[in-house]
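**Student:** Handing over entry-v4.txt, compact mmCIF, C-alpha atoms.
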# COMPACT_ATOMS: atom_id res chain seq x y z
CA MET A 1 7.86 28.24 44.71
CA THR A 2 10.83 30.21 46.05
CA ARG A 3 13.56 28.88 48.34
CA GLU A 4 12.01 30.91 51.16
CA GLN A 5 8.67 29.18 50.60
CA TRP A 6 10.46 25.83 50.41
CA LEU A 7 12.08 26.41 53.80
CA LEU A 8 8.81 27.61 55.33
CA GLN A 9 6.95 24.50 54.16
CA LEU A 10 9.76 22.36 55.53
CA LYS A 11 9.57 24.11 58.91
CA GLU A 12 5.78 23.81 59.06
CA GLY A 13 5.51 20.33 57.57
CA THR A 14 3.10 21.62 54.92
CA GLY A 15 2.90 21.39 51.12
CA ILE A 16 5.21 18.78 49.69
CA PHE A 17 6.65 18.20 53.17
CA ASP A 18 3.36 17.11 54.67
CA ALA A 19 3.77 13.49 55.82
CA THR A 20 0.93 12.36 53.54
CA SER A 21 2.33 14.21 50.54
CA LEU A 22 5.71 12.54 51.00
CA GLU A 23 4.07 9.16 50.43
CA ILE A 24 2.81 10.09 46.96
CA LEU A 25 5.41 12.62 45.85
CA ALA A 26 5.98 12.56 42.09
CA PRO A 27 8.62 14.37 39.99
CA ASP A 28 7.81 17.99 39.28
CA PRO A 29 10.11 19.76 36.77
CA GLU A 30 9.84 23.14 38.52
CA MET A 31 10.54 21.65 41.94
CA ILE A 32 13.47 19.65 40.59
CA ALA A 33 14.91 22.81 39.02
CA LEU A 34 14.54 24.69 42.32
CA ALA A 35 16.13 21.84 44.32
CA ARG A 36 19.08 21.78 41.92
CA ALA A 37 19.45 25.56 42.25
CA ILE A 38 19.42 25.26 46.04
CA ILE A 39 22.33 22.78 46.14
CA ARG A 40 24.32 24.32 43.29
CA LEU A 41 27.57 25.86 44.50
CA PRO A 42 28.31 28.31 45.89
CA TRP A 43 25.49 27.96 48.39
CA GLU A 44 23.53 31.05 49.31
CA LYS A 45 23.88 32.03 52.94
CA ASN A 46 20.76 31.43 55.01
CA PRO A 47 21.16 33.25 58.37
CA ASP A 48 18.12 31.49 59.84
CA ASP A 49 19.25 28.07 58.63
CA GLU A 50 22.75 27.57 59.99
CA PHE A 51 22.52 23.77 59.80
CA LEU A 52 21.93 23.67 56.03
CA ARG A 53 18.52 22.06 56.41
CA LEU A 54 17.43 23.73 53.18
CA GLU A 55 20.22 22.13 51.16
CA THR A 56 19.76 18.76 52.88
CA SER A 57 16.02 18.77 52.20
CA ALA A 58 16.65 19.62 48.55
CA ILE A 59 18.90 16.58 48.17
CA ALA A 60 16.34 14.42 49.98
CA TYR A 61 13.64 15.64 47.58
CA LEU A 62 15.81 14.79 44.58
CA VAL A 63 16.28 11.29 46.03
CA LEU A 64 12.55 10.89 46.62
CA VAL A 65 11.70 11.68 43.00
CA LYS A 66 14.85 9.94 41.66
CA ALA A 67 16.04 13.05 39.80
CA SER A 68 19.24 11.47 38.50
CA GLN A 69 20.00 14.51 36.34
CA ALA A 70 21.19 16.22 39.53
CA VAL A 71 23.77 13.58 40.42
CA HIS A 72 26.87 15.69 39.70
CA GLU A 73 25.52 18.64 41.68
CA ILE A 74 24.77 16.28 44.57
CA ILE A 75 28.31 14.87 44.47
CA ALA A 76 29.76 18.40 44.46
CA SER A 77 27.55 19.31 47.42
CA GLU A 78 28.99 16.39 49.41
CA LEU A 79 32.54 17.69 49.09
CA GLU A 80 31.41 21.18 50.10
CA ALA A 81 29.59 19.71 53.09
CA GLU A 82 32.78 17.96 54.16
CA ARG A 83 34.63 21.26 53.83
CA VAL A 84 32.22 23.13 56.09
CA GLY A 85 31.82 20.27 58.56
CA HIS A 86 28.17 19.53 57.84
CA ALA A 87 26.73 16.25 59.10
CA TRP A 88 23.45 15.58 57.32
CA ILE A 89 24.52 16.04 53.71
CA PRO A 90 27.35 13.44 53.75
CA GLU A 91 24.84 11.07 55.33
CA ILE A 92 22.32 11.33 52.52
CA VAL A 93 24.56 11.66 49.44
CA PRO A 94 25.51 7.95 49.26
CA GLN A 95 21.80 7.14 49.46
CA ALA A 96 21.19 9.59 46.61
CA ILE A 97 23.82 7.86 44.51
CA GLY A 98 22.19 4.55 45.37
CA ALA A 99 18.77 5.78 44.28
CA PHE A 100 20.00 6.70 40.81
CA GLY A 101 21.16 3.24 39.76
CA ARG A 102 23.42 3.17 36.71
CA VAL A 103 23.67 6.96 36.56
CA GLY A 104 24.69 7.13 40.22
CA PHE A 105 27.16 4.27 39.91
CA ASP A 106 28.87 5.74 36.86
CA ALA A 107 29.04 9.26 38.32
CA ALA A 108 30.46 8.09 41.67
CA PHE A 109 32.98 5.79 40.02
CA ALA A 110 34.13 8.56 37.67
CA ARG A 111 34.67 10.77 40.72
CA ILE A 112 36.58 7.96 42.46
CA LEU A 113 38.92 7.54 39.49
CA GLU A 114 39.48 11.29 39.42
CA LEU A 115 40.39 11.30 43.12
CA GLU A 116 42.64 8.26 42.80
CA ARG A 117 44.95 10.16 40.48
CA ASP A 118 46.51 11.54 43.66
CA THR A 119 46.19 8.94 46.40
CA ALA A 120 48.78 10.76 48.51
CA ALA A 121 46.36 13.68 48.85
CA LEU A 122 43.56 11.31 49.80
CA VAL A 123 45.41 9.68 52.68
CA SER A 124 47.02 12.85 54.03
CA LEU A 125 43.82 13.70 55.97
CA GLU A 126 44.84 17.34 55.78
CA GLY A 127 41.81 18.17 53.69
CA ASN A 128 38.38 16.64 53.21
CA LEU A 129 39.06 14.51 50.14
CA TYR A 130 39.47 11.28 52.14
CA TRP A 131 35.97 11.54 53.56
CA HIS A 132 34.56 12.60 50.18
CA TYR A 133 36.23 9.57 48.60
CA TRP A 134 34.75 7.31 51.27
CA SER A 135 31.30 8.73 50.60
CA MET A 136 31.67 7.84 46.92
CA VAL A 137 32.70 4.27 47.80
CA ILE A 138 29.70 3.94 50.10
CA GLY A 139 27.58 5.31 47.27
CA LEU A 140 28.69 2.48 44.98
CA GLY A 141 27.75 0.03 47.70
CA ASP A 142 24.35 1.68 48.07
CA VAL A 143 23.73 1.27 44.34
CA ALA A 144 24.55 -2.43 44.70
CA SER A 145 22.19 -2.68 47.67
CA GLU A 146 19.37 -0.94 45.83
CA PHE A 147 20.04 -2.66 42.50
CA PRO A 148 21.58 -6.13 43.13
CA GLU A 149 22.78 -6.43 39.54
CA PHE A 150 25.59 -4.01 40.48
CA GLU A 151 26.94 -6.24 43.26
CA VAL A 152 29.30 -8.13 40.94
CA ALA A 153 30.77 -4.87 39.62
CA PHE A 154 31.28 -3.48 43.12
CA VAL A 155 32.98 -6.66 44.35
CA GLU A 156 35.22 -6.67 41.27
CA LEU A 157 36.29 -3.06 41.84
CA THR A 158 37.16 -3.95 45.42
CA LYS A 159 39.18 -6.93 44.20
CA GLN A 160 41.13 -4.74 41.80
CA ARG A 161 42.21 -2.48 44.63
CA LEU A 162 43.10 -5.38 46.88
CA GLU A 163 45.34 -6.76 44.14
CA GLN A 164 47.18 -3.49 43.52
CA THR A 165 50.33 -3.72 45.61
CA ASP A 166 50.92 0.03 45.44
CA PHE A 167 47.36 1.04 46.34
CA PRO A 168 47.21 2.58 49.85
CA ASP A 169 45.91 0.17 52.49
CA GLN A 170 44.08 3.07 54.10
CA LEU A 171 41.91 3.40 51.00
CA THR A 172 41.58 -0.33 50.39
CA GLU A 173 40.14 -0.70 53.88
CA LEU A 174 37.29 1.63 52.91
CA TRP A 175 36.33 -0.71 50.07
CA VAL A 176 36.72 -3.76 52.29
CA GLY A 177 34.46 -2.22 54.92
CA SER A 178 31.78 -1.44 52.34
CA VAL A 179 31.87 -4.74 50.46
CA GLN A 180 31.19 -6.80 53.59
CA ALA A 181 27.47 -6.09 53.11
CA PHE A 182 27.43 -8.55 50.20
CA LYS A 183 27.48 -12.34 50.20
CA SER A 184 29.71 -12.54 47.12
CA SER A 185 32.49 -10.83 49.08
CA SER A 186 33.36 -14.38 50.19
CA SER A 187 35.38 -14.58 46.97
CA LEU A 188 37.70 -11.91 48.38
CA GLU A 189 38.37 -13.54 51.75
CA ALA A 190 41.94 -14.62 50.99
CA LEU A 191 42.89 -11.15 49.76
CA ILE A 192 41.18 -9.47 52.69
CA GLU A 193 42.87 -11.77 55.21
CA THR A 194 46.21 -10.83 53.65
CA LEU A 195 45.33 -7.15 54.02
CA PHE A 196 44.54 -7.58 57.70
CA ALA A 197 47.69 -9.66 58.20
CA LYS A 198 49.77 -6.57 57.49
CA ASN A 199 48.48 -5.05 60.72
CA GLN A 200 50.07 -7.20 63.45
CA PRO A 201 49.33 -8.10 66.22
CA THR A 202 45.59 -7.47 65.68
CA ALA A 203 45.41 -9.19 62.28
CA LYS A 204 43.50 -12.27 63.38
CA ARG A 205 40.97 -10.30 65.38
CA GLY A 206 40.55 -7.81 62.51
CA PHE A 207 39.73 -10.45 59.91
CA SER A 208 37.48 -12.45 62.24
CA GLU A 209 35.60 -9.24 63.11
CA TRP A 210 35.20 -8.52 59.41
CA LEU A 211 33.67 -11.97 58.88
CA GLU A 212 31.39 -11.53 61.88
CA THR A 213 30.24 -8.11 60.71
CA ARG A 214 29.53 -9.49 57.25
CA GLU A 215 27.26 -12.13 58.74
CA GLN A 216 25.43 -9.46 60.69
CA ASN A 217 25.08 -7.24 57.62
CA LEU A 218 23.71 -10.06 55.49
CA SER A 219 20.87 -10.54 57.95
CA LEU A 220 19.87 -6.87 57.87
CA THR A 221 17.07 -5.42 55.77
CA LEU A 222 18.02 -1.85 54.97
CA PRO A 223 15.43 0.82 54.08
CA SER A 224 15.22 1.87 50.46
CA SER A 225 16.77 5.17 49.45
CA ARG A 226 13.26 6.62 49.12
CA GLN A 227 12.33 5.58 52.66
CA PHE A 228 15.64 6.93 53.97
CA ALA A 229 15.05 10.31 52.30
CA LYS A 230 11.49 10.51 53.60
CA ASP A 231 12.58 9.66 57.14
CA LEU A 232 15.32 12.29 56.96
CA LEU A 233 12.86 14.98 55.92
CA LEU A 234 10.63 14.06 58.86
CA GLU A 235 13.69 14.15 61.12
CA ILE A 236 14.57 17.65 59.92
CA ARG A 237 10.97 18.68 60.57
CA ALA A 238 11.16 17.25 64.12
CA ASP A 239 14.45 19.09 64.64
CA TYR A 240 12.75 22.38 63.72
CA LEU A 241 9.95 21.66 66.19
CA GLU A 242 12.44 20.93 68.94
CA GLN A 243 14.40 24.08 68.15
CA THR A 244 11.20 26.13 68.27
CA ARG A 245 10.19 24.55 71.58
CA LEU A 246 13.59 25.25 73.13
CA GLY A 247 13.52 28.82 71.82
CA GLN A 248 10.11 29.43 73.37
CA SER A 249 11.24 27.92 76.68
CA GLN A 250 14.32 30.14 76.69
CA THR A 251 12.21 33.21 76.00
CA LYS A 252 9.90 32.41 78.93
CA GLU A 253 12.90 31.82 81.18
CA ASP A 254 14.46 35.14 80.16
CA ARG A 255 11.22 36.95 80.94
CA PHE A 256 10.94 35.22 84.32
CA PHE A 257 14.40 36.36 85.45
CA LYS A 258 13.99 39.93 84.24
Show how you would write the structure in this file as C-alpha cells.

**Tutor:**
Amino acid sequence: MTREQWLLQLKEGTGIFDATSLEILAPDPEMIALARAIIRLPWEKNPDDEFLRLETSAIAYLVLVKASQAVHEIIASELEAERVGHAWIPEIVPQAIGAFGRVGFDAAFARILELERDTAALVSLEGNLYWHYWSMVIGLGDVASEFPEFEVAFVELTKQRLEQTDFPDQLTELWVGSVQAFKSSSSLEALIETLFAKNQPTAKRGFSEWLETREQNLSLTLPSSRQFAKDLLLEIRADYLEQTRLGQSQTKEDRFFK
C-alpha cells in the first residue's frame, strides 16, 4: 500500500479503516513500516490533507496494533505538531505512549529528563516545548492508567518534583494535575497543599478543587488506548464525510447563483 492508497481508504472507510476491520486489526509489518514512514520527519506535504489526517491516522494505527518500536518517531511527531499548531496529534500521542507500557514510559520519561535540562526554556512559553513537555507527562499518566503497576512510579516522580525547591511551580502543576487521576496521590496531599498555598488568595479553593477533581476522576472509567485510537479514526472518517457534504453543498450553491 502507498500513502495515497492509505489516505483514500481512510476517506472512504474501506480496507483497514472499515469499522469491522478496526475491531480485528492485527499487526502487519508492511503497514507498520508505512505508518512509521508517514510520521517520520520531515512530513511530506499533502495539499489535499491540510489537517494532517494522514499523519494522525498513522499514529492511531500504530496505537491500535501496539507498535512500540515507533515510540520515538511518535514523540518527535508530537513536538512537530505543536510547532505547526495541529490539534489531533497532541491529543493522541499520550494515548500512544500509554498503549506501549514500559517502552512508552521509558521513552517519555527520557524525553522529560532531556527537556528538564533547561527548565527556563520550558516555562518561557515562547516556543512549543512547554506543551510538548506536558504531553509527555500526560503520557506517563496514561501508561499508569493502562498498566496500573506503573502508578507507584508515576506518583513517586511527581513527589520528587514537588520536593525540589528549585523546580518551577509551573511545571510541577502539570504533574499535580495529571497525578490526581490516581488514588495513591493521597500520599502527596501535604506537598500539594503547600504548592497551592504559594498562590494566595486562591490557595484554599485551588487545593479543595484538586481534591474534588480527584474524587471525580477516580469514579471515571476511561476508554483503553485501543478504543481511543479506533474512535479517533472513525471521527476522522466522519470529518471527511462532513467536509465532502459541505463541499457538495457549496458547489450547488455556486451553480445556483451563477

**Student:** Sort by chain and increasing residue number a table of all residues of range 58-141 of chain A within 9 Å of range 48-53 of chain A, each with its closest pair of atoms and their distance in Å to one decimal, counting all atoms listed in the file, and write it as CSV.

**Tutor:**
residue,atom,partner,partner_atom,distance
A:Ala58,CA,A:Arg53,CA,8.4
A:His86,CA,A:Phe51,CA,7.3
A:Ala87,CA,A:Phe51,CA,8.6
A:Trp88,CA,A:Arg53,CA,8.2
A:Ile89,CA,A:Leu52,CA,8.4

**Student:** Which neighbours of Ser178 in chain A fall inside 10 Å, counting only C-alpha atoms, when residues of the same chain fewer than 5 positions from it are skipped, and could you give them as a PyMOL selection string?

**Tutor:** chain A and resi 134+137-142+154-155+158+173+185+214

**Student:** Counting only C-alpha atoms, figure out which residue out of A:Met1, A:Met136, A:Ala238, A:Ile192 gets nearest to Gly13 in chain A.

**Tutor:** A:Ala238

**Student:** Find the residues near Tyr130 in chain A: any atom within 12 Å, counting only C-alpha atoms, skip ones fewer than 3 places away on the same chain, and give them as a PyMOL selection string.

**Tutor:** chain A and resi 78-79+82-83+112+115-116+118-127+133-137+168+170-172+174

**Student:** Measuring atom to atom with all atoms listed in the file, identify which of A:Leu220, A:Ala67, A:Ile236, A:Ile39 is nearest to Ala26 in chain A.

**Tutor:**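 Ranking A:Leu220, A:Ala67, A:Ile236, A:Ile39 by distance to Ala26 in chain A, first place goes to A:Ala67.
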
**Student:** From the options A:Ser57, A:Gln95, A:Thr213, A:Thr165, which residue's atoms come nearest to Leu191 in chain A, counting all atoms listed in the file?

**Tutor:**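 Checking each of A:Ser57, A:Gln95, A:Thr213, A:Thr165 against Leu191 in chain A, counting all atoms listed in the file, the winner is A:Thr165.
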
**Student:** Between CA of Lys159 in chain A and CA of Leu195 in chain A, measure the distance and give it in Å to one decimal.

**Tutor:**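 Separation of CA of Lys159 in chain A and CA of Leu195 in chain A: 11.6 Å.
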
**Student:** Would you work out the distance separating CA of Ala76 in chain A from CA of Arg36 in chain A, expressed in Å to one decimal?

**Tutor:**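 Calculated distance between CA of Ala76 in chain A and CA of Arg36 in chain A is 11.5 Å.
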
**Student:** Near Gln180 in chain A, counting all atoms listed in the file, which residues have an atom at most 9 Å away, once you skip same-chain residues fewer than 2 positions from it, shown as JSON, numbers by chain?

**Tutor:** {"A": [175, 176, 177, 178, 182, 183, 184, 185, 186, 210, 211, 213, 214, 215, 217, 218]}
